[in-house]
Amino acid sequence: MKFTQLFTRTLKNAPAEEAAINAQYLIRGGFVYKEMAGVYSYLPLGLRVIKKIEDIIREEMNKIGGIEMKTSVLQNKEVWEKSNRWSDEVVDSWFKTELKNGGEAGLSFTNEESYSNILKQYVSSYKDLPMYLYDFKEIFRNETRSKSGILRGREFYWKAMYSFSKNENEHNNFYQKEAIKAYKNIFNRVGIGEKTYLTFASGGTFSKFSHEFQTLCDSGEDIIYISKNDYGEGLKMKEGRAAINKEIFTEDIKKDLGLGEDFEEKKAIEVGNIFTLGTRFSEPFNLNFIDEDRAKKLVFMGSYGIGLSRLMGTVVEVSHDDKGIIWPEEIAPFKAHLISIGKNSEAEGVYEELTASGVEVIYDDREDKSAGEKFADADLLGCPCRLVISGRMDSDEIEIKRRTEKEARIIKKDNLLEELK
RNA sequence: CGGGCCGUUGUGUAACGGUAGCACGCGUGAUUUGGGAUCACGUAGUCCGGGUUCAAAUCCCGGCGGCCCGACCA
């Protein structure tokens, strides 16, 4: 893409009221536009990042047998009354709206009801199970206090997977072996694996714990405790460190998990959450099946969520410097950011060639901008590789600098594709 | 939902109760071309509604909106 095709413009200063780093850089770079508190539009650059995150998650979900679908945003009141979650006394974050011809509908704030209700029509035999369904969707929560840029919005974009198993054993196997692995892959691929911990959190009726994926960050709103010791693969997200959410950090729990006293307190952002639902929803929706033994049984469920917009904001929070964002390779809006300093016709050729070779490149073709401004914009936008064509090099050469490096190098154009691999 | 701070061109900021100014951006032209370059001429603003006053961005009341702290977060 060429810069001049982009209608967005970078800002030298962030809006004064934005305190969160993610809001400052995403707005300055033209990735997002704030519509109101907690509600953001995704501009072309921001959408590219979201799409890349989405692609990674989709791949990992498909790898563990996930099947993608899409549940509706407008929700049927009667469906939610079955699970007793329509009432504002029970769930206070609803956005509800009146229908013109009477009745009400809600904007979905989660998907358990949709899935349970739909599957009631299709699941009847043990042969139908297990089943793993997921969707990407806008979610609406009437937060009394949305905050921290795109980290906690009233409207946000998420992926939710639901597992439908024949029994608890089958569920646990998927949950422990497949789902956790897929989640680790996702956070590694979006570039925050090093800082992200599989964290024990409060469970429910059907399991002692749920698990959160918590990314260490001072601007996080959660507090977790991380062990200094390595407790081995069983608890491992990274380096065998055990992590426990403050909400359940008690002596009993530590003893339960066989952990010592060597914990340190950290702030973190919850980027993912997986939960054993058991029959909490299959029961009210009569979501049952006939098993091999001819007995009628309730489907055993689990939920697996990731907020994509929050994830994008988290990456900015943990991966930036004083000049701008440093996007990890796999989710950068473009692989390369090509700058021409008074050599547009030559740069144009490089742009065409890279694009033809399948390299995603943004080419700053603005003729009325100084070199300094182009460099500043490249740093702000944060693509992994900066390429420069200028009078400083021969016509068969090009300058390359990684966003994470200080020094630029001049290489032969012939070697460019190899460098970008 | 409680508490605090705050609303001035697209962004950042200034203006004692008395001409709404500056910088960036944007437009036109010229000079520039390795870290937000220079010059000239333009463009664009007081959140909304009341009140006080000869006069309100400024003071008062009400509303709306934003941010932060806390509560909340299936």
# chains A, B, ... in the order shown; residues from 1 in each chain; ligands from 1
call {"tool": "interface_residues", "arguments": {"of": "chain A", "to": "chain B", "cutoff": "9 Å", "atoms": "only C-alpha atoms (C1' of nucleotides)", "output": "PyMOL selection string"}}
result
chain A and resi 11-19+36-37+85+91+93+109-110+143-145+147+341-342+369-377+390+392
call {"tool": "write_last_selection", "arguments": {"atoms": "N, CA and C atoms", "output": "tab-separated table (two decimals), in the first residue's frame"}}
result
chain	number	residue	atom	x	y	z
A	11	LEU	N	-0.34	11.82	14.03
A	11	LEU	CA	-0.38	13.00	14.90
A	11	LEU	C	0.93	13.11	15.66
A	12	LYS	N	1.39	14.34	15.78
A	12	LYS	CA	2.62	14.58	16.52
A	12	LYS	C	2.37	14.45	18.02
A	13	ASN	N	1.21	14.91	18.43
A	13	ASN	CA	0.84	14.82	19.85
A	13	ASN	C	-0.37	13.92	20.01
A	14	ALA	N	-0.39	13.21	21.12
A	14	ALA	CA	-1.57	12.42	21.44
A	14	ALA	C	-2.60	13.34	22.07
A	15	PRO	N	-3.89	13.05	21.90
A	15	PRO	CA	-4.92	13.83	22.58
A	15	PRO	C	-4.61	13.89	24.08
A	16	ALA	N	-4.80	15.06	24.67
A	16	ALA	CA	-4.36	15.28	26.05
A	16	ALA	C	-5.01	14.34	27.05
A	17	GLU	N	-6.25	13.94	26.77
A	17	GLU	CA	-6.95	13.14	27.78
A	17	GLU	C	-6.55	11.67	27.77
A	18	GLU	N	-5.82	11.25	26.74
A	18	GLU	CA	-5.46	9.83	26.66
A	18	GLU	C	-4.24	9.54	27.52
A	19	ALA	N	-4.43	8.75	28.54
A	19	ALA	CA	-3.33	8.42	29.44
A	19	ALA	C	-2.70	7.08	29.08
A	36	MET	N	-16.46	7.10	21.14
A	36	MET	CA	-16.82	7.58	22.47
A	36	MET	C	-16.07	6.70	23.46
A	37	ALA	N	-16.26	6.99	24.74
A	37	ALA	CA	-15.50	6.24	25.73
A	37	ALA	C	-15.73	4.75	25.56
A	85	ARG	N	-30.44	-15.29	32.76
A	85	ARG	CA	-29.46	-14.21	32.66
A	85	ARG	C	-30.00	-13.01	31.88
A	91	VAL	N	-27.48	-9.75	35.47
A	91	VAL	CA	-26.41	-9.27	34.60
A	91	VAL	C	-26.61	-7.77	34.37
A	93	SER	N	-24.57	-5.67	32.80
A	93	SER	CA	-23.83	-5.06	31.70
A	93	SER	C	-24.56	-5.15	30.36
A	109	PHE	N	-23.42	-10.06	25.04
A	109	PHE	CA	-22.23	-9.76	25.85
A	109	PHE	C	-21.42	-11.02	26.08
A	110	THR	N	-21.96	-12.17	25.66
A	110	THR	CA	-21.26	-13.44	25.68
A	110	THR	C	-22.10	-14.43	24.89
A	143	GLU	N	-20.37	-1.16	30.34
A	143	GLU	CA	-19.44	-0.94	31.44
A	143	GLU	C	-19.71	0.39	32.12
A	144	THR	N	-19.70	0.39	33.43
A	144	THR	CA	-19.85	1.67	34.13
A	144	THR	C	-18.57	2.48	34.00
A	145	ARG	N	-17.49	1.78	33.80
A	145	ARG	CA	-16.26	2.52	33.58
A	145	ARG	C	-15.35	1.82	32.59
A	147	LYS	N	-12.18	1.85	30.19
A	147	LYS	CA	-10.94	2.58	30.43
A	147	LYS	C	-9.76	1.99	29.69
A	341	ILE	N	13.74	8.94	-0.20
A	341	ILE	CA	14.20	10.30	0.05
A	341	ILE	C	14.68	10.86	-1.28
A	342	GLY	N	13.77	11.53	-1.93
A	342	GLY	CA	14.08	12.14	-3.23
A	342	GLY	C	14.38	11.16	-4.35
A	369	LYS	N	7.12	15.58	1.90
A	369	LYS	CA	7.48	15.38	3.30
A	369	LYS	C	8.99	15.24	3.46
A	370	SER	N	9.49	15.79	4.54
A	370	SER	CA	10.93	15.71	4.79
A	370	SER	C	11.30	14.30	5.24
A	371	ALA	N	12.59	14.02	5.13
A	371	ALA	CA	13.09	12.71	5.56
A	371	ALA	C	12.76	12.48	7.02
A	372	GLY	N	12.96	13.52	7.82
A	372	GLY	CA	12.72	13.37	9.26
A	372	GLY	C	11.30	12.95	9.57
A	373	GLU	N	10.37	13.55	8.88
A	373	GLU	CA	8.97	13.20	9.16
A	373	GLU	C	8.68	11.77	8.74
A	374	LYS	N	9.27	11.35	7.63
A	374	LYS	CA	9.05	9.97	7.19
A	374	LYS	C	9.64	8.96	8.18
A	375	PHE	N	10.81	9.28	8.68
A	375	PHE	CA	11.43	8.39	9.67
A	375	PHE	C	10.59	8.32	10.94
A	376	ALA	N	10.13	9.48	11.37
A	376	ALA	CA	9.32	9.54	12.59
A	376	ALA	C	8.05	8.71	12.43
A	377	ASP	N	7.44	8.81	11.25
A	377	ASP	CA	6.23	8.03	11.00
A	377	ASP	C	6.52	6.53	10.95
A	390	SER	N	17.80	6.22	-1.02
A	390	SER	CA	18.21	7.63	-1.06
A	390	SER	C	19.51	7.77	-1.83
A	392	ARG	N	22.28	8.20	-0.74
A	392	ARG	CA	23.43	7.69	0.01
A	392	ARG	C	23.93	6.35	-0.48
call {"tool": "residues_around", "arguments": {"residues": "range 14-20 of chain B", "least_positions_apart": "4", "cutoff": "7 Å", "atoms": "only C-alpha atoms (C1' of nucleotides)", "output": "ChimeraX atom specification"}}
result
/B:55-56,58
call {"tool": "write_last_selection", "arguments": {"atoms": "N, CA and C atoms (P, O5', C5', C4', C3', O3' and C1' of nucleotides)", "output": "PDB file, in the first residue's frame"}}
result
ATOM      1  P     A B  55     -24.785  43.253  28.965  1.00  0.00           P
ATOM      2  O5'   A B  55     -23.295  42.913  28.514  1.00  0.00           O
ATOM      3  C5'   A B  55     -22.941  42.981  27.130  1.00  0.00           C
ATOM      4  C4'   A B  55     -21.458  42.753  26.962  1.00  0.00           C
ATOM      5  C3'   A B  55     -20.947  41.429  27.517  1.00  0.00           C
ATOM      6  O3'   A B  55     -21.156  40.378  26.613  1.00  0.00           O
ATOM      7  C1'   A B  55     -19.512  43.194  28.171  1.00  0.00           C
ATOM      8  P     A B  56     -21.428  38.917  27.162  1.00  0.00           P
ATOM      9  O5'   A B  56     -20.068  38.496  27.886  1.00  0.00           O
ATOM     10  C5'   A B  56     -18.862  38.395  27.152  1.00  0.00           C
ATOM     11  C4'   A B  56     -18.131  37.122  27.516  1.00  0.00           C
ATOM     12  C3'   A B  56     -18.894  35.850  27.136  1.00  0.00           C
ATOM     13  O3'   A B  56     -17.947  34.819  26.874  1.00  0.00           O
ATOM     14  C1'   A B  56     -18.641  35.924  29.459  1.00  0.00           C
ATOM     15  P     U B  58     -17.589  31.470  29.901  1.00  0.00           P
ATOM     16  O5'   U B  58     -16.309  31.750  30.814  1.00  0.00           O
ATOM     17  C5'   U B  58     -15.533  30.675  31.343  1.00  0.00           C
ATOM     18  C4'   U B  58     -14.339  31.239  32.068  1.00  0.00           C
ATOM     19  C3'   U B  58     -14.698  32.070  33.294  1.00  0.00           C
ATOM     20  O3'   U B  58     -13.789  31.808  34.340  1.00  0.00           O
ATOM     21  C1'   U B  58     -13.426  33.368  31.766  1.00  0.00           C
TER      22        U B  58
END
call {"tool": "atom_distance", "arguments": {"atom1": "CA of Gly30 in chain A", "atom2": "CA of Tyr42 in chain A"}}
result
8.9 Å
call {"tool": "atom_distance", "arguments": {"atom1": "CA of Leu311 in chain A", "atom2": "CA of Asn111 in chain A"}}
result
19.2 Å
call {"tool": "atom_distance", "arguments": {"atom1": "CA of Gly302 in chain A", "atom2": "CA of Phe136 in chain A"}}
result
16.8 Å
call {"tool": "select_by_dssp", "arguments": {"residues": "range 44-80 of chain A", "states": "strand (DSSP E or B)", "output": "list in words"}}
result
Ile67, Glu68, Leu74, Gln75 and Asn76 of chain A
call {"tool": "write_last_selection", "arguments": {"atoms": "N, CA and C atoms", "output": "PDB file, in the first residue's frame"}}
result
ATOM      1  N   ILE A  67     -14.516 -25.526  14.642  1.00  0.00           N
ATOM      2  CA  ILE A  67     -15.300 -25.223  13.445  1.00  0.00           C
ATOM      3  C   ILE A  67     -15.882 -23.833  13.615  1.00  0.00           C
ATOM      4  N   GLU A  68     -15.621 -22.983  12.620  1.00  0.00           N
ATOM      5  CA  GLU A  68     -16.053 -21.590  12.744  1.00  0.00           C
ATOM      6  C   GLU A  68     -17.490 -21.390  12.298  1.00  0.00           C
ATOM      7  N   LEU A  74     -27.805  -9.573  17.880  1.00  0.00           N
ATOM      8  CA  LEU A  74     -29.088  -9.333  18.549  1.00  0.00           C
ATOM      9  C   LEU A  74     -29.553 -10.645  19.184  1.00  0.00           C
ATOM     10  N   GLN A  75     -29.882 -10.560  20.443  1.00  0.00           N
ATOM     11  CA  GLN A  75     -30.196 -11.760  21.194  1.00  0.00           C
ATOM     12  C   GLN A  75     -31.658 -11.809  21.623  1.00  0.00           C
ATOM     13  N   ASN A  76     -32.168 -13.024  21.567  1.00  0.00           N
ATOM     14  CA  ASN A  76     -33.564 -13.288  21.899  1.00  0.00           C
ATOM     15  C   ASN A  76     -33.763 -13.358  23.414  1.00  0.00           C
TER      16      ASN A  76
END
call {"tool": "select_by_dssp", "arguments": {"residues": "range 223-305 of chain A", "states": "alpha helix (DSSP H)", "output": "ChimeraX atom specification"}}
result
/A:251-256
call {"tool": "residues_around", "arguments": {"residues": "G3 in chain B", "least_positions_apart": "4", "cutoff": "12 Å", "atoms": "only C-alpha atoms (C1' of nucleotides)", "output": "list in words"}}
result
C68, C69, G70 and A71 of chain B
